[in-house]
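What's in coords-v6.cif: mmCIF, C-alpha atoms
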```cif
data_start
loop_
_atom_site.group_PDB
_atom_site.id
_atom_site.type_symbol
_atom_site.label_atom_id
_atom_site.label_comp_id
_atom_site.auth_asym_id
_atom_site.auth_seq_id
_atom_site.Cartn_x
_atom_site.Cartn_y
_atom_site.Cartn_z
ATOM 1 C CA MET L 272 26.417 154.255 -41.913
ATOM 2 C CA THR L 273 28.208 152.445 -44.681
ATOM 3 C CA ALA L 274 28.179 148.746 -43.915
ATOM 4 C CA LYS L 275 25.393 146.635 -45.384
ATOM 5 C CA ASN L 276 26.747 143.277 -44.319
ATOM 6 C CA LYS L 277 24.513 140.269 -44.742
ATOM 7 C CA GLY L 278 24.035 137.532 -42.169
ATOM 8 C CA ARG L 279 21.737 135.425 -40.088
ATOM 9 C CA ALA L 280 19.580 135.340 -37.002
ATOM 10 C CA SER L 281 18.636 132.355 -34.887
ATOM 11 C CA LYS L 282 15.371 131.362 -33.195
ATOM 12 C CA ASP L 283 15.825 131.629 -29.451
ATOM 13 C CA THR L 284 13.546 130.688 -26.567
ATOM 14 C CA LEU L 285 13.839 131.566 -22.901
ATOM 15 C CA GLN L 286 15.891 129.383 -20.543
ATOM 16 C CA LYS L 287 17.596 127.152 -23.109
ATOM 17 C CA LYS L 288 21.335 127.126 -23.710
ATOM 18 C CA SER L 289 23.139 130.279 -24.785
ATOM 19 C CA PRO L 290 22.324 131.285 -28.370
ATOM 20 C CA SER L 291 24.186 129.929 -31.352
ATOM 21 C CA ILE L 292 26.057 133.184 -31.925
ATOM 22 C CA MET L 293 27.925 132.349 -28.730
ATOM 23 C CA THR L 294 29.257 129.061 -30.043
ATOM 24 C CA ASP L 295 29.156 128.966 -33.859
ATOM 25 C CA ASP L 296 32.624 129.255 -35.412
ATOM 26 C CA LYS L 297 34.022 130.267 -32.015
ATOM 27 C CA LEU L 298 32.635 133.769 -32.383
ATOM 28 C CA GLY L 299 32.941 134.350 -28.651
ATOM 29 C CA ASN L 300 33.833 132.899 -25.280
ATOM 30 C CA TYR L 301 31.408 130.346 -23.909
ATOM 31 C CA PHE L 302 31.427 130.205 -20.113
ATOM 32 C CA ASP L 303 28.827 127.482 -19.567
ATOM 33 C CA GLU L 304 25.175 126.850 -20.382
ATOM 34 C CA THR L 305 24.149 130.147 -18.812
ATOM 35 C CA HIS L 306 26.834 132.710 -19.657
ATOM 36 C CA GLY L 307 28.600 133.750 -22.850
ATOM 37 C CA LEU L 308 30.736 136.675 -23.987
ATOM 38 C CA ILE L 309 31.605 138.256 -27.319
ATOM 39 C CA MET L 310 34.622 140.577 -27.204
ATOM 40 C CA ASN L 311 34.944 140.722 -31.006
ATOM 41 C CA ALA L 312 31.561 140.877 -32.703
ATOM 42 C CA LYS L 313 32.848 141.595 -36.220
ATOM 43 C CA PRO L 314 32.492 137.999 -37.522
ATOM 44 C CA TYR L 315 28.906 137.886 -36.248
ATOM 45 C CA LEU L 316 27.966 141.295 -37.655
ATOM 46 C CA GLN L 317 29.447 140.490 -41.056
ATOM 47 C CA ARG L 318 27.041 137.568 -41.390
ATOM 48 C CA LEU L 319 23.892 139.491 -40.526
ATOM 49 C CA VAL L 320 21.023 139.695 -42.978
ATOM 50 C CA PHE L 321 19.215 142.994 -42.529
ATOM 51 C CA GLY L 322 15.473 142.749 -42.133
ATOM 52 C CA ILE L 323 15.447 139.353 -40.407
ATOM 53 C CA PRO L 324 14.302 139.629 -36.786
ATOM 54 C CA SER L 325 15.666 137.379 -34.060
ATOM 55 C CA ARG L 326 14.399 136.584 -30.589
ATOM 56 C CA THR L 327 16.857 136.716 -27.715
ATOM 57 C CA GLN L 328 17.228 133.486 -25.826
ATOM 58 C CA SER L 329 18.561 135.109 -22.706
ATOM 59 C CA ASN L 330 19.422 138.525 -21.278
ATOM 60 C CA ARG L 331 22.024 140.580 -23.134
ATOM 61 C CA ILE L 332 24.202 143.548 -22.279
ATOM 62 C CA PHE L 333 25.689 145.435 -25.228
ATOM 63 C CA TYR L 334 28.493 147.954 -24.774
ATOM 64 C CA ILE L 335 29.366 149.952 -27.923
ATOM 65 C CA ARG L 336 33.084 150.779 -27.916
ATOM 66 C CA GLU L 337 33.260 152.374 -31.367
ATOM 67 C CA GLY L 338 31.066 153.223 -34.337
ATOM 68 C CA GLU L 339 27.302 153.436 -34.635
ATOM 69 C CA ALA L 340 24.323 151.347 -35.649
ATOM 70 C CA LYS L 341 20.583 151.483 -36.205
ATOM 71 C CA VAL L 342 18.606 148.735 -34.483
ATOM 72 C CA LYS L 343 15.069 147.875 -33.491
ATOM 73 C CA ILE L 344 14.311 146.373 -30.097
ATOM 74 C CA ASN L 345 10.693 145.314 -29.671
ATOM 75 C CA PHE L 346 9.766 147.358 -32.768
ATOM 76 C CA ILE L 347 11.228 150.541 -31.247
ATOM 77 C CA HIS L 348 14.031 152.224 -33.220
ATOM 78 C CA TYR L 349 17.353 153.047 -31.530
ATOM 79 C CA ASP L 350 20.331 154.970 -32.908
ATOM 80 C CA ILE L 351 23.293 153.625 -30.948
ATOM 81 C CA LYS L 352 26.837 154.981 -30.885
ATOM 82 C CA LYS L 353 30.150 154.868 -29.030
ATOM 83 C CA GLY L 354 29.658 154.862 -25.281
ATOM 84 C CA ASP L 355 26.123 153.441 -25.322
ATOM 85 C CA LEU L 356 25.101 150.547 -23.097
ATOM 86 C CA ILE L 357 21.924 148.557 -23.740
ATOM 87 C CA LEU L 358 20.441 145.947 -21.399
ATOM 88 C CA VAL L 359 17.909 143.746 -23.226
ATOM 89 C CA PRO L 360 15.778 141.256 -21.247
ATOM 90 C CA ALA L 361 15.309 137.691 -22.452
ATOM 91 C CA ASN L 362 12.780 136.781 -25.133
ATOM 92 C CA TYR L 363 12.827 140.215 -26.785
ATOM 93 C CA ILE L 364 12.794 140.816 -30.528
ATOM 94 C CA LEU L 365 15.926 142.350 -32.077
ATOM 95 C CA MET L 366 16.664 143.482 -35.615
ATOM 96 C CA VAL L 367 19.798 145.228 -36.885
ATOM 97 C CA GLU L 368 19.020 147.695 -39.663
ATOM 98 C CA GLU L 369 22.445 149.166 -40.366
ATOM 99 C CA PHE L 370 25.903 149.615 -38.836
ATOM 100 C CA SER L 371 29.086 151.525 -39.599
ATOM 101 C CA ASP L 372 32.290 149.851 -40.773
ATOM 102 C CA ASN L 373 34.073 150.653 -37.511
ATOM 103 C CA VAL L 374 31.352 149.450 -35.131
ATOM 104 C CA ASP L 375 32.809 147.500 -32.212
ATOM 105 C CA PRO L 376 30.259 146.168 -29.712
ATOM 106 C CA TRP L 377 31.007 143.874 -26.812
ATOM 107 C CA MET L 378 28.201 141.613 -25.674
ATOM 108 C CA LEU L 379 27.456 139.613 -22.547
ATOM 109 C CA ASP L 380 24.777 136.921 -22.746
ATOM 110 C CA PHE L 381 23.374 135.440 -19.538
ATOM 111 C CA HIS L 382 20.436 133.654 -17.923
ATOM 112 C CA TYR L 383 18.893 134.454 -14.558
ATOM 113 C CA GLN L 384 20.479 132.603 -11.687
ATOM 114 C CA THR L 385 18.524 134.284 -8.890
ATOM 115 C CA ASN L 386 15.345 136.318 -8.411
ATOM 116 C CA GLU L 387 17.635 139.210 -7.515
ATOM 117 C CA GLU L 388 19.154 139.119 -10.988
ATOM 118 C CA LYS L 389 15.690 138.948 -12.521
ATOM 119 C CA GLU L 390 14.615 142.040 -10.612
ATOM 120 C CA LEU L 391 17.745 143.951 -11.627
ATOM 121 C CA VAL L 392 17.189 143.148 -15.307
ATOM 122 C CA GLY L 393 13.491 144.033 -15.213
ATOM 123 C CA ILE L 394 11.149 143.821 -18.195
ATOM 124 C CA GLU L 395 12.115 146.956 -20.130
ATOM 125 C CA THR L 396 15.059 147.757 -22.371
ATOM 126 C CA LEU L 397 17.553 149.911 -20.480
ATOM 127 C CA PHE L 398 19.501 152.372 -22.623
ATOM 128 C CA LEU L 399 22.342 154.431 -21.102
ATOM 129 C CA HIS L 400 24.937 156.724 -22.650
ATOM 130 C CA LEU L 401 28.018 156.313 -20.464
ATOM 131 C CA THR L 402 30.380 158.980 -19.184
ATOM 132 C CA GLU L 403 34.123 158.504 -19.721
ATOM 133 C CA ASP L 404 34.488 157.170 -16.179
ATOM 134 C CA GLU L 405 31.600 154.749 -16.719
ATOM 135 C CA GLU L 406 33.139 153.584 -20.007
ATOM 136 C CA ARG L 407 36.356 152.739 -18.140
ATOM 137 C CA ILE L 408 34.349 150.789 -15.566
ATOM 138 C CA MET L 409 32.493 148.894 -18.297
ATOM 139 C CA SER L 410 35.761 148.044 -20.077
ATOM 140 C CA TYR L 411 37.133 146.803 -16.756
ATOM 141 C CA TYR L 412 34.201 144.413 -16.258
ATOM 142 C CA PHE L 413 34.324 142.986 -19.775
ATOM 143 C CA ASN L 414 38.106 142.579 -19.760
ATOM 144 C CA LEU L 415 38.024 140.927 -16.338
ATOM 145 C CA MET L 416 35.362 138.453 -17.492
ATOM 146 C CA ASN L 417 37.482 137.690 -20.531
ATOM 147 C CA GLN L 418 40.588 137.148 -18.398
ATOM 148 C CA ILE L 419 38.774 134.909 -15.909
ATOM 149 C CA ASP L 420 37.325 132.793 -18.699
ATOM 150 C CA SER L 421 40.769 132.449 -20.309
ATOM 151 C CA SER L 422 42.401 131.412 -17.067
ATOM 152 C CA ALA L 423 43.279 127.806 -16.312
ATOM 153 C CA GLN L 424 41.638 128.343 -12.912
ATOM 154 C CA ASN L 425 38.386 129.437 -14.538
ATOM 155 C CA SER L 426 35.497 129.371 -12.051
ATOM 156 C CA SER L 427 31.916 129.708 -13.235
ATOM 157 C CA ASP L 428 31.053 130.979 -9.741
ATOM 158 C CA ASP L 429 33.509 133.862 -10.191
ATOM 159 C CA LEU L 430 31.881 134.761 -13.485
ATOM 160 C CA MET L 431 28.373 134.614 -12.072
ATOM 161 C CA HIS L 432 29.362 136.868 -9.151
ATOM 162 C CA LEU L 433 30.933 139.267 -11.641
ATOM 163 C CA VAL L 434 27.735 139.362 -13.709
ATOM 164 C CA MET L 435 25.736 140.160 -10.556
ATOM 165 C CA SER L 436 28.192 142.915 -9.661
ATOM 166 C CA LEU L 437 27.898 144.332 -13.182
ATOM 167 C CA LEU L 438 24.095 144.358 -12.940
ATOM 168 C CA TYR L 439 24.265 146.271 -9.659
ATOM 169 C CA ARG L 440 26.690 148.752 -11.221
ATOM 170 C CA ILE L 441 24.365 149.323 -14.196
ATOM 171 C CA HIS L 442 21.442 149.688 -11.795
ATOM 172 C CA ARG L 443 23.329 152.395 -9.869
ATOM 173 C CA MET L 444 24.252 154.181 -13.100
ATOM 174 C CA ASN L 445 20.583 154.302 -14.008
ATOM 175 C CA GLU L 446 19.597 155.515 -10.526
ATOM 176 C CA THR L 447 22.140 158.329 -10.781
ATOM 177 C CA ARG L 448 20.454 159.568 -13.958
ATOM 178 C CA SER L 449 16.962 159.348 -12.521
ATOM 179 C CA GLY L 450 17.974 160.951 -9.218
ATOM 180 C CA LYS L 451 16.465 158.051 -7.263
ATOM 181 C CA GLY L 452 18.206 156.315 -4.417
ATOM 182 C CA LYS L 453 15.986 153.280 -4.537
ATOM 183 C CA LYS L 454 13.752 151.444 -6.946
ATOM 184 C CA GLU L 455 10.272 152.941 -7.061
ATOM 185 C CA ARG L 456 7.095 151.473 -8.444
ATOM 186 C CA LEU L 457 6.190 152.750 -11.888
ATOM 187 C CA PRO L 458 3.107 154.957 -12.160
ATOM 188 C CA ARG L 459 0.081 152.867 -13.094
ATOM 189 C CA VAL L 460 -0.072 154.223 -16.655
ATOM 190 C CA LYS L 461 3.571 153.402 -17.366
ATOM 191 C CA GLN L 462 3.236 150.036 -15.674
ATOM 192 C CA ILE L 463 0.308 149.128 -17.964
ATOM 193 C CA LYS L 464 2.319 150.246 -21.004
ATOM 194 C CA SER L 465 5.351 148.213 -19.929
ATOM 195 C CA GLU L 466 3.299 145.092 -19.178
ATOM 196 C CA PHE L 467 1.373 145.406 -22.451
ATOM 197 C CA ILE L 468 4.540 145.640 -24.567
ATOM 198 C CA ASN L 469 6.070 142.740 -22.665
ATOM 199 C CA MET L 470 2.962 140.618 -23.319
ATOM 200 C CA VAL L 471 2.882 141.507 -27.024
ATOM 201 C CA VAL L 472 6.555 140.794 -27.570
ATOM 202 C CA THR L 473 7.264 137.740 -25.436
ATOM 203 C CA GLN L 474 4.197 135.575 -26.024
ATOM 204 C CA ASP L 475 4.279 133.526 -29.232
ATOM 205 C CA VAL L 476 0.580 132.750 -29.218
ATOM 206 C CA PRO L 477 -2.195 133.181 -31.777
ATOM 207 C CA GLN L 478 -3.384 136.746 -32.081
ATOM 208 C CA MET L 479 -5.015 138.220 -29.021
ATOM 209 C CA THR L 480 -7.658 140.869 -29.504
ATOM 210 C CA ILE L 481 -7.539 144.311 -27.911
ATOM 211 C CA ALA L 482 -10.280 143.157 -25.550
ATOM 212 C CA GLU L 483 -8.223 140.124 -24.484
ATOM 213 C CA TYR L 484 -5.147 142.256 -23.749
ATOM 214 C CA ALA L 485 -7.309 144.677 -21.776
ATOM 215 C CA GLU L 486 -8.818 141.848 -19.746
ATOM 216 C CA ALA L 487 -5.386 140.358 -19.018
ATOM 217 C CA LEU L 488 -4.190 143.752 -17.775
ATOM 218 C CA GLY L 489 -7.311 144.435 -15.739
ATOM 219 C CA VAL L 490 -8.409 147.567 -17.590
ATOM 220 C CA SER L 491 -11.114 148.499 -20.073
ATOM 221 C CA GLU L 492 -10.494 148.215 -23.812
ATOM 222 C CA ASN L 493 -10.954 151.960 -24.274
ATOM 223 C CA TYR L 494 -8.582 152.821 -21.409
ATOM 224 C CA LEU L 495 -5.885 150.506 -22.776
ATOM 225 C CA SER L 496 -6.212 152.049 -26.247
ATOM 226 C CA ILE L 497 -5.861 155.573 -24.840
ATOM 227 C CA ILE L 498 -2.829 154.696 -22.677
ATOM 228 C CA ILE L 499 -0.903 152.858 -25.406
ATOM 229 C CA LYS L 500 -1.518 155.589 -27.977
ATOM 230 C CA GLN L 501 -0.511 158.244 -25.441
ATOM 231 C CA GLU L 502 2.613 156.443 -24.196
ATOM 232 C CA THR L 503 3.960 154.938 -27.435
ATOM 233 C CA ASN L 504 2.396 157.061 -30.183
ATOM 234 C CA GLN L 505 1.129 153.818 -31.742
ATOM 235 C CA THR L 506 -2.242 152.155 -31.492
ATOM 236 C CA VAL L 507 -2.813 148.781 -29.839
ATOM 237 C CA LYS L 508 -3.771 147.437 -33.261
ATOM 238 C CA LYS L 509 -0.428 148.523 -34.722
ATOM 239 C CA TRP L 510 1.469 146.807 -31.895
ATOM 240 C CA ILE L 511 -0.457 143.595 -32.516
ATOM 241 C CA GLU L 512 0.163 143.791 -36.279
ATOM 242 C CA GLN L 513 3.912 144.359 -35.753
ATOM 243 C CA LYS L 514 4.055 141.315 -33.504
ATOM 244 C CA THR L 515 2.155 139.181 -36.051
ATOM 245 C CA GLU L 516 4.386 140.322 -38.923
ATOM 246 C CA THR L 517 7.517 139.574 -36.910
ATOM 247 C CA LEU L 518 6.275 136.155 -35.855
ATOM 248 C CA ILE L 519 5.567 135.265 -39.501
ATOM 249 C CA LYS L 520 9.089 136.402 -40.456
ATOM 250 C CA LEU L 521 10.595 134.263 -37.693
ATOM 251 C CA LEU L 522 8.626 131.221 -38.846
ATOM 252 C CA LEU L 523 9.575 131.790 -42.496
ATOM 253 C CA THR L 524 13.314 132.166 -41.857
ATOM 254 C CA GLU L 525 13.935 129.945 -38.845
ATOM 255 C CA GLN L 526 11.504 127.115 -39.516
ATOM 256 C CA LYS L 527 11.891 126.715 -43.251
ATOM 257 C CA ASN L 528 9.765 123.568 -43.429
ATOM 258 C CA ARG L 529 6.688 125.375 -42.152
ATOM 259 C CA ASN L 530 3.987 125.758 -44.807
ATOM 260 C CA LEU L 531 1.469 128.589 -44.914
ATOM 261 C CA SER L 532 -1.320 126.509 -43.409
ATOM 262 C CA GLU L 533 0.809 125.811 -40.331
ATOM 263 C CA ILE L 534 1.909 129.435 -40.122
ATOM 264 C CA ALA L 535 -1.705 130.623 -40.398
ATOM 265 C CA GLU L 536 -2.693 128.395 -37.486
ATOM 266 C CA ILE L 537 0.209 129.568 -35.326
ATOM 267 C CA VAL L 538 -0.450 133.289 -35.842
ATOM 268 C CA GLY L 539 -4.193 132.973 -35.473
ATOM 269 C CA TYR L 540 -5.478 133.253 -39.045
ATOM 270 C CA SER L 541 -8.081 130.875 -40.418
ATOM 271 C CA SER L 542 -6.491 130.345 -43.863
ATOM 272 C CA PRO L 543 -3.225 130.846 -45.832
ATOM 273 C CA PRO L 544 -4.735 133.544 -48.103
ATOM 274 C CA GLN L 545 -5.338 135.684 -45.022
ATOM 275 C CA VAL L 546 -1.652 135.384 -44.113
ATOM 276 C CA VAL L 547 -0.604 136.290 -47.647
ATOM 277 C CA ARG L 548 -2.839 139.381 -47.764
ATOM 278 C CA PHE L 549 -1.732 140.573 -44.341
ATOM 279 C CA PHE L 550 1.971 139.981 -45.017
ATOM 280 C CA LYS L 551 1.953 141.609 -48.456
ATOM 281 C CA ARG L 552 0.121 144.653 -47.109
ATOM 282 C CA ARG L 553 2.760 145.004 -44.388
ATOM 283 C CA THR L 554 5.933 144.203 -46.360
ATOM 284 C CA GLY L 555 5.139 144.466 -50.074
ATOM 285 C CA MET L 556 6.122 140.806 -50.533
ATOM 286 C CA THR L 557 4.340 137.492 -50.274
ATOM 287 C CA PRO L 558 5.607 135.176 -47.510
ATOM 288 C CA TYR L 559 7.390 132.941 -50.016
ATOM 289 C CA GLU L 560 9.003 135.926 -51.756
ATOM 290 C CA TYR L 561 10.297 137.089 -48.378
ATOM 291 C CA ARG L 562 11.615 133.624 -47.482
ATOM 292 C CA LYS L 563 13.323 133.196 -50.861
ATOM 293 C CA THR L 564 14.933 136.660 -50.724
ATOM 294 C CA LYS L 565 16.253 136.290 -47.190
ATOM 295 C CA MET L 566 17.515 132.764 -47.722
ATOM 296 C CA GLU L 567 19.415 133.895 -50.818
ATOM 297 C CA GLU L 568 20.928 136.774 -48.858
ATOM 298 C CA LYS L 569 21.862 134.400 -46.074
ATOM 299 C CA ALA L 570 23.528 131.975 -48.512
ATOM 300 C CA LEU L 571 25.587 134.832 -49.971
ATOM 301 C CA SER L 572 26.659 135.987 -46.504
ATOM 302 C CA MET L 573 28.005 132.520 -45.676
ATOM 303 C CA LYS L 574 30.396 132.461 -48.645
#
```

Could you render the structure from this file as structure tokens?
Amino acid sequence: MTAKNKGRASKDTLQKKSPSIMTDDKLGNYFDETHGLIMNAKPYLQRLVFGIPSRTQSNRIFYIREGEAKVKINFIHYDIKKGDLILVPANYILMVEEFSDNVDPWMLDFHYQTNEEKELVGIETLFLHLTEDEERIMSYYFNLMNQIDSSAQNSSDDLMHLVMSLLYRIHRMNETRSGKGKKERLPRVKQIKSEFINMVVTQDVPQMTIAEYAEALGVSENYLSIIIKQETNQTVKKWIEQKTETLIKLLLTEQKNRNLSEIAEIVGYSSPPQVVRFFKRRTGMTPYEYRKTKMEEKALSMK
């Protein structure tokens, strides 16, 4: 890993238009309000500021053609490299930590059009390392979408059908690895883990207590604590703290007019000093030091 390029992230919310990285400075193709494609992500990557989280507005499929990168998706670290495919559901938290100079990811951004699509995407990050044959198939899909979008006879229906076909193909690739011919219900323990992480990550609400998460999931507080520690090697408290830290970072960098009193209310603290103590314990910086540092890095990246 050699590149330390600076850049930006944008605040995204579910079911709005495609995110700004799809349209700013013509970084990628823009099919319509529901589908977008980046075939050359270099301009976007070169403007990233490391350490600033972003929330996905819609579902994303990343296909890594060359190079490698270190990223966090929902606070979980991933080392990605050539041949990797990642399917990230909408409203998830992403943060790029580092990437190599030769990294070349393609990205498809899309909203649900049908319940069938929603079921195929699911609520967990899907990570696959593709075979050579699968890489050729993935290149075929991305190139075909690019050609259709560039055509004078561009049809959004054609693109949507192609996205559905791609989702089915990815689903079959995953089934091949798991040895399953059909989708099976997750064991209860893994289902609770998946639903808990989804709740923590996707809900921008004031802090919920362990007891409140347990009640929402229909289990006891003790049982939830045991499952989450067993399945993720992190405590429920740590998951909640990561979510709170990330939400503060998003508010500091994406809503620059927010003061600490407003931020405290949003994240569930009773006063600004509580936010400052929590944030400094987690990051080593005060909220304003973090905002100033990241805004300066962002300004430099735009030059």

Spatial neighbours of range 536-548 of chain L, 8 Å, all atoms listed in the file, chain gap at least 2 places, as a VMD selection string: chain L and resid 476 to 478 515 518 to 519 531 to 534 550 to 552 557 to 558

Spatial neighbours of Ile347 in chain L, 10 Å, only C-alpha atoms, chain gap at least 6 places, as a PyMOL selection string: chain L and resi 364-366+503

Which of L:Tyr383, L:Asn362, L:Met444, L:Ile419 sits closest to Leu399 in chain L [using all atoms listed in the file]: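 Ranking L:Tyr383, L:Asn362, L:Met444, L:Ile419 by distance to Leu399 in chain L, first place goes to L:Met444.
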
Closest of L:Thr473, L:Ser410, L:Ser465, L:Asn445 to Arg326 in chain L - atom-to-atom distances counting only C-alpha atoms: L:Thr473

Computed interatomic separation between CA of Tyr559 in chain L and CA of Leu521 in chain L (Å):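 Answer for the CA of Tyr559 in chain L to CA of Leu521 in chain L separation: 12.8 Å.
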
Selection result for the PyMOL selection byres ((chain L and resi 384) around 12) on this file, as number ranges by chain: L: 286, 304-306, 329-330, 381-383, 385-392, 427-428, 430-432, 434-435
